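Written out below as structure tokens is the structure these notes cover.
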2 protein chains.
Amino acid sequence: MSNYYDTEQALSDAFKALSNPHRLALFNRLMSCCMPGTKCDATVAVRFCVGDLGEGLNIAPSTLSHHLKELNRAGLVEMERKGKNVECWVEPEKLKALSSFFQPD
Amino acid sequence: MSNYYDTEQALSDAFKALSNPHRLALFNRLMSCCMPGTKCDATVAVRFCVGDLGEGLNIAPSTLSHHLKELNRAGLVEMERKGKNVECWVEPEKLKALSSFFQPD
DNA sequence: ATAATAGTTCGACATGTTTCGAATTATAGT
DNA sequence: ACTATAATTCGAAACATGTCGAACTATTAT
């Protein structure tokens, strides 16, 4: 029922994860699957593997891994091994939950 | 035009400000002026003075002052001296801007 | 089996953050 | 002028974070 981030601790953990410019860029890349200005209706989230997500960020693989782990621990990003790669995605309900913290539906 | 937080830097600064449990509590107190579950229509934001905002948080005045300053520097909270007190409030447009980062209107 | 590719874990170091108390400024009342 | 209340600034201590390279694990292909 989109009640993630219902405690203050869970919320501040989510914001902490987004407080780093590199992590925000990673999250943003996973989040923005639609054309700018349009409302995203995707029911299936876009997936990127770890390596592709870090493209252009100029950080070491170990640092990239660390950041994704933080986003995952904060409940913002899902991760799943797929062969040699690990795929990452954002559940649309999480976006809804965070959005409605600032403006209840 | 609700285009605050348009750069990644401004956004991550805002999230950093909300990443601390004490600051999130302060922001939340300023933010929630309406009954739970209802949509907030207030055109004039609620105001609290610094001291009242810190009530029940068990932090030193200097720490409280520091946190409010951070929220202000991140563009989340407005502050204005009013006699002996300093009043704090949240501009409703800021909430809208943050909300629409996660879910564009 | 060996090698190649994709990610993760670990330890270390530099940098930032949280917090406090003491000293300081701002304002209002006596 | 003096005092009381409200809030800020400063410096210091403890703790957390961001980053890297080296070593490691997982998976696939030869």
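The chains in the structure tokens are called A, B, ... from first to last as shown; in each chain the residues are counted from 1, and the ligands are counted from 1 in the order shown.
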Neighbouring residues of Leu76 of chain A were defined as those with any atom within 12 Å, considering only C-alpha atoms (C1' of nucleotides); residues of the same chain fewer than 5 positions away were excluded. Please report them as a ChimeraX atom specification. /A:4-5,10-11,13-18,23-24,26-28,30-31,67-71,88-98 /B:102
Quick one: chain B onto chain A, least squares on all Cα paired in order, result as a tab-separated table (two decimals) with N, CA, C and O atoms, in the first residue's frame?
```tsv
chain	number	residue	atom	x	y	z
B	1	MET	N	0.69	-1.04	-0.77
B	1	MET	CA	-0.01	0.09	-0.14
B	1	MET	C	0.86	1.34	-0.07
B	1	MET	O	0.53	2.29	0.64
B	2	SER	N	1.98	1.34	-0.73
B	2	SER	CA	2.89	2.50	-0.79
B	2	SER	C	3.19	3.12	0.56
B	2	SER	O	3.24	4.32	0.71
B	3	ASN	N	3.34	2.27	1.58
B	3	ASN	CA	3.74	2.79	2.89
B	3	ASN	C	5.18	2.44	3.24
B	3	ASN	O	5.48	2.05	4.35
B	4	TYR	N	6.06	2.57	2.26
B	4	TYR	CA	7.48	2.52	2.56
B	4	TYR	C	7.77	3.85	3.22
B	4	TYR	O	6.97	4.75	3.16
B	5	TYR	N	8.94	3.98	3.83
B	5	TYR	CA	9.36	5.26	4.39
B	5	TYR	C	8.32	5.84	5.33
B	5	TYR	O	8.02	7.02	5.29
B	6	ASP	N	7.71	4.99	6.16
B	6	ASP	CA	6.69	5.48	7.07
B	6	ASP	C	7.27	5.96	8.40
B	6	ASP	O	6.65	6.73	9.09
B	7	THR	N	8.47	5.53	8.74
B	7	THR	CA	9.10	6.04	9.95
B	7	THR	C	10.08	7.15	9.59
B	7	THR	O	10.58	7.19	8.47
B	8	GLU	N	10.33	8.01	10.57
B	8	GLU	CA	11.27	9.12	10.33
B	8	GLU	C	12.66	8.58	10.00
B	8	GLU	O	13.38	9.14	9.20
B	9	GLN	N	13.01	7.45	10.64
B	9	GLN	CA	14.33	6.87	10.41
B	9	GLN	C	14.47	6.39	8.97
B	9	GLN	O	15.47	6.65	8.30
B	10	ALA	N	13.46	5.68	8.49
B	10	ALA	CA	13.48	5.16	7.12
B	10	ALA	C	13.56	6.31	6.12
B	10	ALA	O	14.29	6.25	5.13
B	11	LEU	N	12.83	7.37	6.41
B	11	LEU	CA	12.83	8.54	5.53
B	11	LEU	C	14.18	9.22	5.51
B	11	LEU	O	14.70	9.53	4.43
B	12	SER	N	14.76	9.44	6.68
B	12	SER	CA	16.05	10.15	6.69
B	12	SER	C	17.14	9.28	6.07
B	12	SER	O	18.07	9.79	5.46
B	13	ASP	N	17.00	7.95	6.19
B	13	ASP	CA	17.94	7.06	5.51
B	13	ASP	C	17.83	7.21	3.99
B	13	ASP	O	18.84	7.23	3.29
B	14	ALA	N	16.60	7.33	3.51
B	14	ALA	CA	16.39	7.50	2.07
B	14	ALA	C	17.00	8.83	1.60
B	14	ALA	O	17.71	8.88	0.60
B	15	PHE	N	16.76	9.88	2.37
B	15	PHE	CA	17.31	11.19	1.97
B	15	PHE	C	18.83	11.20	2.08
B	15	PHE	O	19.50	11.83	1.28
B	16	LYS	N	19.35	10.49	3.07
B	16	LYS	CA	20.80	10.42	3.18
B	16	LYS	C	21.40	9.76	1.93
B	16	LYS	O	22.42	10.21	1.41
B	17	ALA	N	20.73	8.73	1.47
B	17	ALA	CA	21.20	8.04	0.27
B	17	ALA	C	21.21	8.98	-0.94
B	17	ALA	O	22.09	8.91	-1.78
B	18	LEU	N	20.26	9.90	-0.98
B	18	LEU	CA	20.17	10.83	-2.12
B	18	LEU	C	20.98	12.10	-1.90
B	18	LEU	O	21.02	12.97	-2.78
B	19	SER	N	21.63	12.21	-0.76
B	19	SER	CA	22.33	13.45	-0.42
B	19	SER	C	23.70	13.53	-1.06
B	19	SER	O	24.34	14.58	-1.06
B	20	ASN	N	24.16	12.42	-1.63
B	20	ASN	CA	25.45	12.43	-2.31
B	20	ASN	C	25.23	12.61	-3.82
B	20	ASN	O	24.43	11.90	-4.42
B	21	PRO	N	25.93	13.58	-4.42
B	21	PRO	CA	25.74	13.88	-5.84
B	21	PRO	C	25.89	12.66	-6.75
B	21	PRO	O	25.12	12.51	-7.71
B	22	HIS	N	26.85	11.80	-6.45
B	22	HIS	CA	27.02	10.61	-7.28
B	22	HIS	C	25.82	9.67	-7.16
B	22	HIS	O	25.31	9.16	-8.16
B	23	ARG	N	25.38	9.47	-5.93
B	23	ARG	CA	24.23	8.58	-5.74
B	23	ARG	C	22.97	9.18	-6.34
B	23	ARG	O	22.16	8.47	-6.93
B	24	LEU	N	22.81	10.49	-6.22
B	24	LEU	CA	21.63	11.13	-6.81
B	24	LEU	C	21.64	10.96	-8.32
B	24	LEU	O	20.61	10.68	-8.93
B	25	ALA	N	22.82	11.07	-8.92
B	25	ALA	CA	22.94	10.89	-10.36
B	25	ALA	C	22.57	9.46	-10.76
B	25	ALA	O	21.86	9.24	-11.75
B	26	LEU	N	23.02	8.50	-9.99
B	26	LEU	CA	22.70	7.09	-10.27
B	26	LEU	C	21.20	6.85	-10.15
B	26	LEU	O	20.58	6.23	-11.02
B	27	PHE	N	20.62	7.36	-9.09
B	27	PHE	CA	19.18	7.20	-8.86
B	27	PHE	C	18.39	7.87	-9.98
B	27	PHE	O	17.43	7.31	-10.50
B	28	ASN	N	18.82	9.04	-10.33
B	28	ASN	CA	18.16	9.82	-11.38
B	28	ASN	C	18.17	9.07	-12.71
B	28	ASN	O	17.20	9.09	-13.45
B	29	ARG	N	19.29	8.42	-12.98
B	29	ARG	CA	19.42	7.67	-14.22
B	29	ARG	C	18.45	6.51	-14.26
B	29	ARG	O	17.86	6.19	-15.29
B	30	LEU	N	18.25	5.89	-13.11
B	30	LEU	CA	17.33	4.76	-13.02
B	30	LEU	C	15.87	5.20	-13.05
B	30	LEU	O	14.99	4.48	-13.49
B	31	MET	N	15.68	6.41	-12.55
B	31	MET	CA	14.34	6.94	-12.34
B	31	MET	C	13.71	7.48	-13.61
B	31	MET	O	12.52	7.33	-13.84
B	32	SER	N	14.55	8.11	-14.42
B	32	SER	CA	14.02	8.85	-15.56
B	32	SER	C	13.99	7.98	-16.80
B	32	SER	O	14.91	7.96	-17.59
B	33	CYS	N	12.87	7.28	-16.97
B	33	CYS	CA	12.74	6.37	-18.09
B	33	CYS	C	11.86	6.99	-19.18
B	33	CYS	O	11.71	6.46	-20.25
B	34	CYS	N	11.24	8.16	-18.86
B	34	CYS	CA	10.30	8.76	-19.80
B	34	CYS	C	10.83	10.08	-20.36
B	34	CYS	O	11.79	10.62	-19.87
B	35	MET	N	10.17	10.58	-21.36
B	35	MET	CA	10.51	11.88	-21.94
B	35	MET	C	10.34	12.96	-20.89
B	35	MET	O	9.43	12.90	-20.08
B	36	PRO	N	11.21	13.96	-20.93
B	36	PRO	CA	11.08	15.06	-19.96
B	36	PRO	C	9.72	15.75	-20.10
B	36	PRO	O	9.28	16.01	-21.22
B	37	GLY	N	9.08	16.03	-19.00
B	37	GLY	CA	7.82	16.75	-19.03
B	37	GLY	C	6.60	15.84	-19.07
B	37	GLY	O	5.50	16.26	-18.76
B	38	THR	N	6.83	14.57	-19.43
B	38	THR	CA	5.71	13.64	-19.48
B	38	THR	C	5.63	12.87	-18.16
B	38	THR	O	6.62	12.75	-17.44
B	39	LYS	N	4.48	12.36	-17.87
B	39	LYS	CA	4.28	11.57	-16.66
B	39	LYS	C	4.65	10.13	-16.99
B	39	LYS	O	4.26	9.60	-18.03
B	40	CYS	N	5.42	9.53	-16.09
B	40	CYS	CA	5.89	8.17	-16.37
B	40	CYS	C	4.83	7.14	-16.01
B	40	CYS	O	4.42	7.01	-14.87
B	41	ASP	N	4.38	6.38	-17.01
B	41	ASP	CA	3.35	5.38	-16.79
B	41	ASP	C	3.90	3.95	-16.77
B	41	ASP	O	3.15	3.00	-16.61
B	42	ALA	N	5.19	3.82	-16.91
B	42	ALA	CA	5.80	2.49	-17.00
B	42	ALA	C	5.43	1.63	-15.79
B	42	ALA	O	5.58	2.05	-14.65
B	43	THR	N	4.94	0.44	-16.06
B	43	THR	CA	4.65	-0.48	-14.96
B	43	THR	C	5.87	-1.34	-14.67
B	43	THR	O	6.07	-1.80	-13.56
B	44	VAL	N	6.68	-1.52	-15.70
B	44	VAL	CA	7.94	-2.23	-15.52
B	44	VAL	C	9.09	-1.23	-15.54
B	44	VAL	O	9.22	-0.47	-16.49
B	45	ALA	N	9.86	-1.22	-14.48
B	45	ALA	CA	10.95	-0.24	-14.36
B	45	ALA	C	12.09	-0.54	-15.33
B	45	ALA	O	12.30	-1.69	-15.71
B	46	VAL	N	12.82	0.50	-15.72
B	46	VAL	CA	14.02	0.32	-16.54
B	46	VAL	C	15.10	-0.33	-15.70
B	46	VAL	O	15.19	-0.08	-14.51
B	47	ARG	N	15.91	-1.11	-16.37
B	47	ARG	CA	17.02	-1.75	-15.66
B	47	ARG	C	18.34	-1.39	-16.30
B	47	ARG	O	18.45	-1.30	-17.51
B	48	PHE	N	19.31	-1.14	-15.44
B	48	PHE	CA	20.68	-0.90	-15.87
B	48	PHE	C	21.55	-1.84	-15.07
B	48	PHE	O	21.25	-2.11	-13.91
B	49	CYS	N	22.64	-2.32	-15.67
B	49	CYS	CA	23.57	-3.07	-14.84
B	49	CYS	C	24.54	-2.07	-14.21
B	49	CYS	O	24.69	-0.94	-14.66
B	50	VAL	N	25.15	-2.51	-13.11
B	50	VAL	CA	26.01	-1.64	-12.31
B	50	VAL	C	27.01	-0.85	-13.14
B	50	VAL	O	27.11	0.37	-13.03
B	51	GLY	N	27.74	-1.56	-13.99
B	51	GLY	CA	28.77	-0.92	-14.80
B	51	GLY	C	28.24	0.20	-15.68
B	51	GLY	O	28.81	1.29	-15.72
B	52	ASP	N	27.12	-0.07	-16.37
B	52	ASP	CA	26.53	0.93	-17.26
B	52	ASP	C	26.05	2.16	-16.49
B	52	ASP	O	26.13	3.28	-16.98
B	53	LEU	N	25.55	1.92	-15.30
B	53	LEU	CA	25.04	3.03	-14.48
B	53	LEU	C	26.14	4.02	-14.14
B	53	LEU	O	25.92	5.22	-14.06
B	54	GLY	N	27.35	3.49	-13.93
B	54	GLY	CA	28.46	4.34	-13.52
B	54	GLY	C	29.11	5.09	-14.67
B	54	GLY	O	29.94	5.98	-14.45
B	55	GLU	N	28.70	4.75	-15.89
B	55	GLU	CA	29.26	5.36	-17.10
B	55	GLU	C	29.29	6.89	-17.02
B	55	GLU	O	28.26	7.52	-16.78
B	56	GLY	N	30.47	7.46	-17.21
B	56	GLY	CA	30.61	8.92	-17.25
B	56	GLY	C	30.70	9.57	-15.89
B	56	GLY	O	30.81	10.80	-15.79
B	57	LEU	N	30.66	8.78	-14.84
B	57	LEU	CA	30.70	9.37	-13.50
B	57	LEU	C	32.12	9.50	-12.94
B	57	LEU	O	32.35	10.19	-11.95
B	58	ASN	N	33.07	8.83	-13.61
B	58	ASN	CA	34.46	8.90	-13.19
B	58	ASN	C	34.71	8.51	-11.74
B	58	ASN	O	35.36	9.24	-10.98
B	59	ILE	N	34.16	7.38	-11.36
B	59	ILE	CA	34.45	6.85	-10.03
B	59	ILE	C	34.90	5.41	-10.16
B	59	ILE	O	34.53	4.71	-11.10
B	60	ALA	N	35.74	4.98	-9.23
B	60	ALA	CA	36.27	3.61	-9.24
B	60	ALA	C	35.13	2.62	-9.06
B	60	ALA	O	34.12	2.92	-8.42
B	61	PRO	N	35.28	1.42	-9.67
B	61	PRO	CA	34.26	0.38	-9.55
B	61	PRO	C	33.88	0.10	-8.09
B	61	PRO	O	32.71	-0.11	-7.78
B	62	SER	N	34.85	0.12	-7.21
B	62	SER	CA	34.57	-0.17	-5.80
B	62	SER	C	33.69	0.92	-5.19
B	62	SER	O	32.81	0.64	-4.39
B	63	THR	N	33.93	2.15	-5.62
B	63	THR	CA	33.12	3.27	-5.13
B	63	THR	C	31.69	3.17	-5.67
B	63	THR	O	30.72	3.36	-4.93
B	64	LEU	N	31.60	2.85	-6.95
B	64	LEU	CA	30.30	2.67	-7.59
B	64	LEU	C	29.50	1.59	-6.87
B	64	LEU	O	28.33	1.78	-6.52
B	65	SER	N	30.16	0.47	-6.61
B	65	SER	CA	29.51	-0.65	-5.93
B	65	SER	C	29.00	-0.22	-4.55
B	65	SER	O	27.89	-0.54	-4.14
B	66	HIS	N	29.85	0.53	-3.86
B	66	HIS	CA	29.49	1.02	-2.53
B	66	HIS	C	28.24	1.91	-2.57
B	66	HIS	O	27.33	1.75	-1.76
B	67	HIS	N	28.20	2.81	-3.54
B	67	HIS	CA	27.07	3.74	-3.64
B	67	HIS	C	25.76	3.01	-3.96
B	67	HIS	O	24.72	3.31	-3.37
B	68	LEU	N	25.85	2.06	-4.88
B	68	LEU	CA	24.64	1.29	-5.22
B	68	LEU	C	24.14	0.50	-4.02
B	68	LEU	O	22.94	0.39	-3.78
B	69	LYS	N	25.08	-0.01	-3.25
B	69	LYS	CA	24.72	-0.76	-2.05
B	69	LYS	C	23.98	0.14	-1.06
B	69	LYS	O	23.02	-0.28	-0.42
B	70	GLU	N	24.45	1.38	-0.94
B	70	GLU	CA	23.80	2.35	-0.06
B	70	GLU	C	22.37	2.63	-0.52
B	70	GLU	O	21.46	2.69	0.30
B	71	LEU	N	22.22	2.84	-1.82
B	71	LEU	CA	20.89	3.11	-2.37
B	71	LEU	C	19.97	1.91	-2.13
B	71	LEU	O	18.79	2.07	-1.84
B	72	ASN	N	20.55	0.72	-2.24
B	72	ASN	CA	19.77	-0.49	-2.01
B	72	ASN	C	19.39	-0.64	-0.53
B	72	ASN	O	18.24	-0.95	-0.21
B	73	ARG	N	20.34	-0.36	0.36
B	73	ARG	CA	20.07	-0.48	1.79
B	73	ARG	C	19.04	0.53	2.26
B	73	ARG	O	18.30	0.28	3.22
B	74	ALA	N	19.00	1.67	1.58
B	74	ALA	CA	18.02	2.70	1.93
B	74	ALA	C	16.65	2.38	1.36
B	74	ALA	O	15.69	3.11	1.57
B	75	GLY	N	16.56	1.28	0.61
B	75	GLY	CA	15.27	0.87	0.06
B	75	GLY	C	14.89	1.59	-1.21
B	75	GLY	O	13.75	1.51	-1.64
B	76	LEU	N	15.85	2.29	-1.82
B	76	LEU	CA	15.53	3.08	-3.01
B	76	LEU	C	15.72	2.30	-4.30
B	76	LEU	O	15.02	2.54	-5.28
B	77	VAL	N	16.70	1.41	-4.29
B	77	VAL	CA	17.05	0.69	-5.52
B	77	VAL	C	17.06	-0.82	-5.28
B	77	VAL	O	17.57	-1.28	-4.26
B	78	GLU	N	16.48	-1.56	-6.21
B	78	GLU	CA	16.49	-3.03	-6.14
B	78	GLU	C	17.65	-3.55	-6.97
B	78	GLU	O	18.02	-2.92	-7.97
B	79	MET	N	18.19	-4.71	-6.58
B	79	MET	CA	19.32	-5.28	-7.30
B	79	MET	C	19.13	-6.78	-7.43
B	79	MET	O	18.66	-7.44	-6.50
B	80	GLU	N	19.55	-7.29	-8.59
B	80	GLU	CA	19.42	-8.73	-8.83
B	80	GLU	C	20.49	-9.18	-9.80
B	80	GLU	O	20.69	-8.55	-10.85
B	81	ARG	N	21.16	-10.25	-9.43
B	81	ARG	CA	22.20	-10.78	-10.32
B	81	ARG	C	21.55	-11.41	-11.55
B	81	ARG	O	20.54	-12.10	-11.45
B	82	LYS	N	22.15	-11.15	-12.71
B	82	LYS	CA	21.68	-11.70	-13.98
B	82	LYS	C	22.91	-12.08	-14.77
B	82	LYS	O	23.45	-11.25	-15.52
B	83	GLY	N	23.38	-13.31	-14.57
B	83	GLY	CA	24.61	-13.74	-15.23
B	83	GLY	C	25.80	-13.01	-14.64
B	83	GLY	O	25.95	-12.93	-13.43
B	84	LYS	N	26.63	-12.48	-15.54
B	84	LYS	CA	27.82	-11.76	-15.06
B	84	LYS	C	27.46	-10.41	-14.45
B	84	LYS	O	28.19	-9.86	-13.65
B	85	ASN	N	26.32	-9.88	-14.86
B	85	ASN	CA	25.93	-8.54	-14.42
B	85	ASN	C	25.01	-8.57	-13.20
B	85	ASN	O	24.42	-9.59	-12.87
B	86	VAL	N	24.90	-7.41	-12.57
B	86	VAL	CA	23.90	-7.21	-11.53
B	86	VAL	C	22.99	-6.08	-12.02
B	86	VAL	O	23.46	-4.98	-12.32
B	87	GLU	N	21.70	-6.40	-12.16
B	87	GLU	CA	20.76	-5.40	-12.67
B	87	GLU	C	20.18	-4.58	-11.53
B	87	GLU	O	19.93	-5.09	-10.45
B	88	CYS	N	19.95	-3.30	-11.82
B	88	CYS	CA	19.40	-2.37	-10.83
B	88	CYS	C	18.16	-1.70	-11.39
B	88	CYS	O	18.09	-1.41	-12.58
B	89	TRP	N	17.19	-1.47	-10.53
B	89	TRP	CA	15.99	-0.73	-10.96
B	89	TRP	C	15.31	-0.08	-9.77
B	89	TRP	O	15.61	-0.38	-8.61
B	90	VAL	N	14.40	0.83	-10.07
B	90	VAL	CA	13.64	1.54	-9.04
B	90	VAL	C	12.17	1.13	-9.15
B	90	VAL	O	11.59	1.19	-10.24
B	91	GLU	N	11.59	0.71	-8.06
B	91	GLU	CA	10.16	0.38	-8.04
B	91	GLU	C	9.35	1.67	-8.06
B	91	GLU	O	9.56	2.54	-7.21
B	92	PRO	N	8.43	1.79	-9.03
B	92	PRO	CA	7.64	3.02	-9.14
B	92	PRO	C	6.90	3.41	-7.85
B	92	PRO	O	6.74	4.60	-7.58
B	93	GLU	N	6.52	2.43	-7.04
B	93	GLU	CA	5.79	2.75	-5.80
B	93	GLU	C	6.66	3.55	-4.82
B	93	GLU	O	6.17	4.34	-4.02
B	94	LYS	N	7.98	3.31	-4.91
B	94	LYS	CA	8.89	4.03	-4.02
B	94	LYS	C	8.87	5.52	-4.36
B	94	LYS	O	8.90	6.36	-3.48
B	95	LEU	N	8.83	5.80	-5.66
B	95	LEU	CA	8.77	7.19	-6.10
B	95	LEU	C	7.50	7.85	-5.60
B	95	LEU	O	7.51	8.99	-5.13
B	96	LYS	N	6.42	7.11	-5.68
B	96	LYS	CA	5.14	7.62	-5.23
B	96	LYS	C	5.17	7.93	-3.73
B	96	LYS	O	4.71	8.98	-3.28
B	97	ALA	N	5.77	6.99	-2.98
B	97	ALA	CA	5.85	7.16	-1.53
B	97	ALA	C	6.65	8.40	-1.16
B	97	ALA	O	6.26	9.18	-0.28
B	98	LEU	N	7.78	8.60	-1.84
B	98	LEU	CA	8.62	9.75	-1.54
B	98	LEU	C	7.94	11.05	-1.95
B	98	LEU	O	7.98	12.05	-1.23
B	99	SER	N	7.33	11.01	-3.12
B	99	SER	CA	6.63	12.19	-3.61
B	99	SER	C	5.55	12.64	-2.65
B	99	SER	O	5.39	13.82	-2.36
B	100	SER	N	4.83	11.66	-2.09
B	100	SER	CA	3.70	12.01	-1.24
B	100	SER	C	4.12	12.39	0.18
B	100	SER	O	3.31	12.82	0.98
B	101	PHE	N	5.41	12.25	0.47
B	101	PHE	CA	5.89	12.80	1.75
B	101	PHE	C	5.80	14.32	1.70
B	101	PHE	O	5.38	14.97	2.66
B	102	PHE	N	6.16	14.88	0.55
B	102	PHE	CA	6.15	16.34	0.40
B	102	PHE	C	4.75	16.88	0.10
B	102	PHE	O	4.39	17.95	0.55
B	103	GLN	N	4.01	16.10	-0.68
B	103	GLN	CA	2.65	16.50	-1.03
B	103	GLN	C	1.73	15.29	-1.04
B	103	GLN	O	1.65	14.59	-2.04
B	104	PRO	N	1.01	15.08	0.06
B	104	PRO	CA	0.10	13.93	0.14
B	104	PRO	C	-0.89	13.96	-1.02
B	104	PRO	O	-1.39	15.03	-1.38
B	105	ASP	N	-1.16	12.79	-1.59
B	105	ASP	CA	-2.12	12.69	-2.71
B	105	ASP	C	-3.52	13.07	-2.26
B	105	ASP	O	-3.99	12.59	-1.24
```
Quick one, how far is atom C1' of DT9 of chain D from atom C1' of DT15 of chain C?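 If I compute the distance from atom C1' of DT9 of chain D to atom C1' of DT15 of chain C, I get 22.4 Å.
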Could you work out which residues of chain C fall inside 10 Å of chain A? Count only C-alpha atoms (C1' of nucleotides), and format the result as a CSV table (one decimal) with N, CA, C and O atoms (P, O5', C5', C4', C3', O3' and C1' of nucleotides), in the first residue's frame.
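After the write, iface_14.csv holds the following:
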```
chain,number,residue,atom,x,y,z
C,5,DT,P,38.2,-9.1,-21.2
C,5,DT,O5',36.9,-9.0,-20.4
C,5,DT,C5',35.7,-9.7,-20.9
C,5,DT,C4',34.6,-9.6,-19.9
C,5,DT,C3',34.4,-8.2,-19.3
C,5,DT,O3',33.0,-7.9,-19.3
C,5,DT,C1',34.6,-9.8,-17.5
C,6,DA,P,32.5,-6.4,-18.7
C,6,DA,O5',31.9,-6.9,-17.3
C,6,DA,C5',30.9,-7.8,-17.2
C,6,DA,C4',30.3,-7.8,-15.8
C,6,DA,C3',30.2,-6.5,-15.2
C,6,DA,O3',29.0,-6.4,-14.5
C,6,DA,C1',31.6,-7.8,-13.8
C,7,DG,P,28.4,-5.0,-13.9
C,7,DG,O5',28.3,-5.3,-12.4
C,7,DG,C5',29.5,-5.8,-11.8
C,7,DG,C4',29.1,-6.5,-10.4
C,7,DG,C3',29.1,-5.5,-9.3
C,7,DG,O3',28.2,-5.9,-8.3
C,7,DG,C1',31.1,-6.8,-9.2
C,8,DT,P,28.1,-5.1,-6.9
C,8,DT,O5',29.2,-5.8,-6.0
C,8,DT,C5',29.0,-7.2,-5.7
C,8,DT,C4',30.0,-7.6,-4.6
C,8,DT,C3',30.0,-6.7,-3.4
C,8,DT,O3',29.9,-7.6,-2.3
C,8,DT,C1',32.2,-6.9,-4.2
C,9,DT,P,29.7,-7.1,-0.8
C,9,DT,O5',31.2,-7.2,-0.1
C,9,DT,C5',31.9,-8.5,-0.2
C,9,DT,C4',33.3,-8.3,0.4
C,9,DT,C3',33.4,-7.5,1.7
C,9,DT,O3',34.2,-8.3,2.6
C,9,DT,C1',34.9,-6.6,0.1
```
Using only C-alpha atoms (C1' of nucleotides), what does the table of chain D residues within 10 Å of chain A look like, with each row giving the shortest atom pair and its distance in Å to one decimal, sorted by chain and ascending number, as CSV?
```
residue,atom,partner,partner_atom,distance
D:DT17,C1',A:Asn20,CA,9.8
D:DG18,C1',A:Thr63,CA,8.0
D:DT19,C1',A:Thr63,CA,6.7
D:DC20,C1',A:Ala60,CA,7.2
D:DG21,C1',A:Ser62,CA,9.1
D:DA26,C1',A:Lys84,CA,7.2
D:DT27,C1',A:Lys84,CA,4.9
D:DT28,C1',A:Lys84,CA,7.1
```
Would you pick out the contacts of DG29 of chain C at 12 Å or less, using only C-alpha atoms (C1' of nucleotides), so that residues sharing its chain but fewer than 2 positions from it are not included, and give the list as a PyMOL selection string? (chain B and resi 84) or (chain C and resi 27) or (chain D and resi 2-5)
Output for the residues just chosen: N, CA, C and O atoms (P, O5', C5', C4', C3', O3' and C1' of nucleotides) as a tab-separated table (two decimals), in the first residue's frame:
```
chain	number	residue	atom	x	y	z
B	84	LYS	N	12.31	39.46	19.56
B	84	LYS	CA	13.32	38.60	20.19
B	84	LYS	C	13.46	37.26	19.47
B	84	LYS	O	14.48	36.61	19.55
C	27	DT	P	17.96	43.40	16.30
C	27	DT	O5'	16.94	43.38	17.51
C	27	DT	C5'	16.18	42.18	17.70
C	27	DT	C4'	15.48	42.23	19.03
C	27	DT	C3'	14.76	43.56	19.32
C	27	DT	O3'	13.38	43.27	19.32
C	27	DT	C1'	15.89	42.70	21.22
D	2	DC	P	25.37	49.68	34.10
D	2	DC	O5'	24.10	48.71	34.25
D	2	DC	C5'	23.16	48.97	35.30
D	2	DC	C4'	22.10	47.88	35.32
D	2	DC	C3'	22.66	46.46	35.15
D	2	DC	O3'	22.10	45.66	36.18
D	2	DC	C1'	20.94	46.88	33.57
D	3	DT	P	22.64	44.12	36.37
D	3	DT	O5'	21.37	43.31	35.85
D	3	DT	C5'	20.06	43.75	36.19
D	3	DT	C4'	19.04	42.94	35.42
D	3	DT	C3'	19.43	41.48	35.21
D	3	DT	O3'	18.36	40.67	35.66
D	3	DT	C1'	18.78	42.47	33.16
D	4	DA	P	18.44	39.08	35.64
D	4	DA	O5'	17.48	38.75	34.41
D	4	DA	C5'	16.15	39.28	34.38
D	4	DA	C4'	15.48	38.83	33.11
D	4	DA	C3'	15.73	37.35	32.78
D	4	DA	O3'	14.49	36.76	32.37
D	4	DA	C1'	16.42	38.72	30.98
D	5	DT	P	14.41	35.21	32.02
D	5	DT	O5'	14.26	35.26	30.42
D	5	DT	C5'	13.22	36.02	29.83
D	5	DT	C4'	13.39	35.99	28.33
D	5	DT	C3'	13.62	34.58	27.75
D	5	DT	O3'	12.70	34.40	26.68
D	5	DT	C1'	15.27	36.07	26.96
```
Would you list, as a VMD selection string, the residues of chain A that end up in strand (DSSP E or B) under DSSP run on this structure's backbone? chain A and resid 48 to 49 78 to 82 85 to 89
Resulting file, chosen residues, C-alpha atoms, as a PDB file, in the first residue's frame:
```pdb
ATOM      1  CA  PHE A  48      20.657  -0.878 -15.854  1.00  0.00           C
ATOM      2  CA  CYS A  49      23.559  -3.050 -14.856  1.00  0.00           C
ATOM      3  CA  GLU A  78      16.484  -3.036  -6.146  1.00  0.00           C
ATOM      4  CA  MET A  79      19.320  -5.283  -7.304  1.00  0.00           C
ATOM      5  CA  GLU A  80      19.423  -8.743  -8.846  1.00  0.00           C
ATOM      6  CA  ARG A  81      22.205 -10.818 -10.352  1.00  0.00           C
ATOM      7  CA  LYS A  82      21.684 -11.691 -14.008  1.00  0.00           C
ATOM      8  CA  ASN A  85      25.905  -8.532 -14.469  1.00  0.00           C
ATOM      9  CA  VAL A  86      23.892  -7.200 -11.567  1.00  0.00           C
ATOM     10  CA  GLU A  87      20.766  -5.376 -12.684  1.00  0.00           C
ATOM     11  CA  CYS A  88      19.384  -2.366 -10.830  1.00  0.00           C
ATOM     12  CA  TRP A  89      15.983  -0.740 -10.951  1.00  0.00           C
TER      13      TRP A  89
END
```
If we count only C-alpha atoms (C1' of nucleotides), what is near DA23 of chain C at a cut-off of 12 Å, once residues fewer than 6 positions away on the same chain are taken out, given as a ChimeraX atom specification? /D:8-11
